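Remarks on the structure that follows.
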Amino acid sequence: MSILSAAVLCSIGEAKVAYAAKARAARARSLRLAQRGQLRGPSDLSLLQEVGQAVLSVEEPEQLEKWEDGGLAAQSSLSTRQLSELGDHITGETYGHQLHDIADISSSRFIASAGNVKAAEFMQSEFEDLGLKVWVEDLKSSSDVAQFISSEVQRTGAILGRLNGTDLADEVVMVAAHFDSVNWVDVTETAPGIDDNGSGLALVLMLAKTLAKSKVNLRRSVIFAAFNAEEEGLVGSTQVAPIVASGKYGNVTSIVIADEVAWPGSGSGQREAIFETLGTVHGTTALLDTFAHSAKEGDGVEGFKVNKHGFGSDHMPFLERGIPTVLLIEGDNMHHADLWGHSSKDTFEHVDFEFGASMSRLALNVVAKLASPEE
Ligand SMILES: [Zn+2]
């Protein structure tokens, strides 16, 4: 190799590193803008698209690590067999039907669309049909959504349904997903939101149906919840978090959030999950251990990583108030986000019902364990 070509290669390497750093910074900026709904004009939009392509070649910005057992996994009063049989009805077929029911509500669940109202009504009636105690929190006015809906327009902030526990009914496990969708490329166009977050909403409904109909003894109560306006900056969950922290819903001991759980990924590491939290919050080690043990026992999720530096979804407002919360998300979510997320391309083409069912059974196993502590 000549000196000249070595120098050329070296400068290409430096340029690649510089480009990668720039791409990641720009992507972070565009995501923040998108979350705040502040993407304006063609230059911001083309930046988002350009960066989405560029970031495919750079390393992931998520701070993933290997799980190490803290020895704090929840011990259930249910047998391993009872726990595994609970998930028998959650198959690729039933999960697919559930996801289609959600998609059929409307071609958009964007905050400004009629589909957003219909989705809230759908969740309420599904919870009511299961005999849950159901209530709704109105979306309070917020600058994050004010540019899309006028202040007179009423929207639901969250729909909640409670399944009462037995001897520990005042202690609550919550499982939630956001029901809104968005198309940041053109907010007037379709926003199917199949993976983001029809998939998580389907998970919550599958768990609600399974646990409401089950005969197993859940000592703690379970609250199922659907949040609005996640896409404009975690608006619904941010308004619900202080209510949860106040104790109004009982003593909420742990929360599981599902956001993008049905795309199995491409390349290496397919059919894997990420368990994401803030490692500094007390009680999160026990939650991560519970997830990890359930994943190792289970059934379709082929591997997982943990992220103790969470960002960007409905787990954050609860973690910021010290409530142990874990986000369950598909391992390759960044790739999905870069190619299809927050656009008309988030369709059934880019999800896998079997994987969504596996993620749902995993969440079910975790929630059932958390709700049935050993005496
Ligand atoms: Zn989402």
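Chain labels follow the order of the structure tokens: the first chain is A, the next B, and so on; residue numbering restarts at 1 in every chain, and ligands are counted from 1 in their shown order.
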Q | Given 12 Å and only C-alpha atoms and all ligand atoms, residues near ligand 1 as a count of residues only | A | 51
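Distance check against Val204 of chain A using only C-alpha atoms: of A:Lys369, A:Arg361, A:Arg271, A:His350, the minimum falls on A:Arg361.
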**Q.** Nearest to Asp101 of chain A, chosen from A:Val175, A:Ala202, A:Glu68, A:Asn116, with only C-alpha atoms counted in the distances
**A.**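 Nearest to Asp101 of chain A: A:Ala202.
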**Q.** Atom-to-atom span, atom CA of Ser372 of chain A and atom CA of Lys66 of chain A, Å
**A.** 27.5 Å
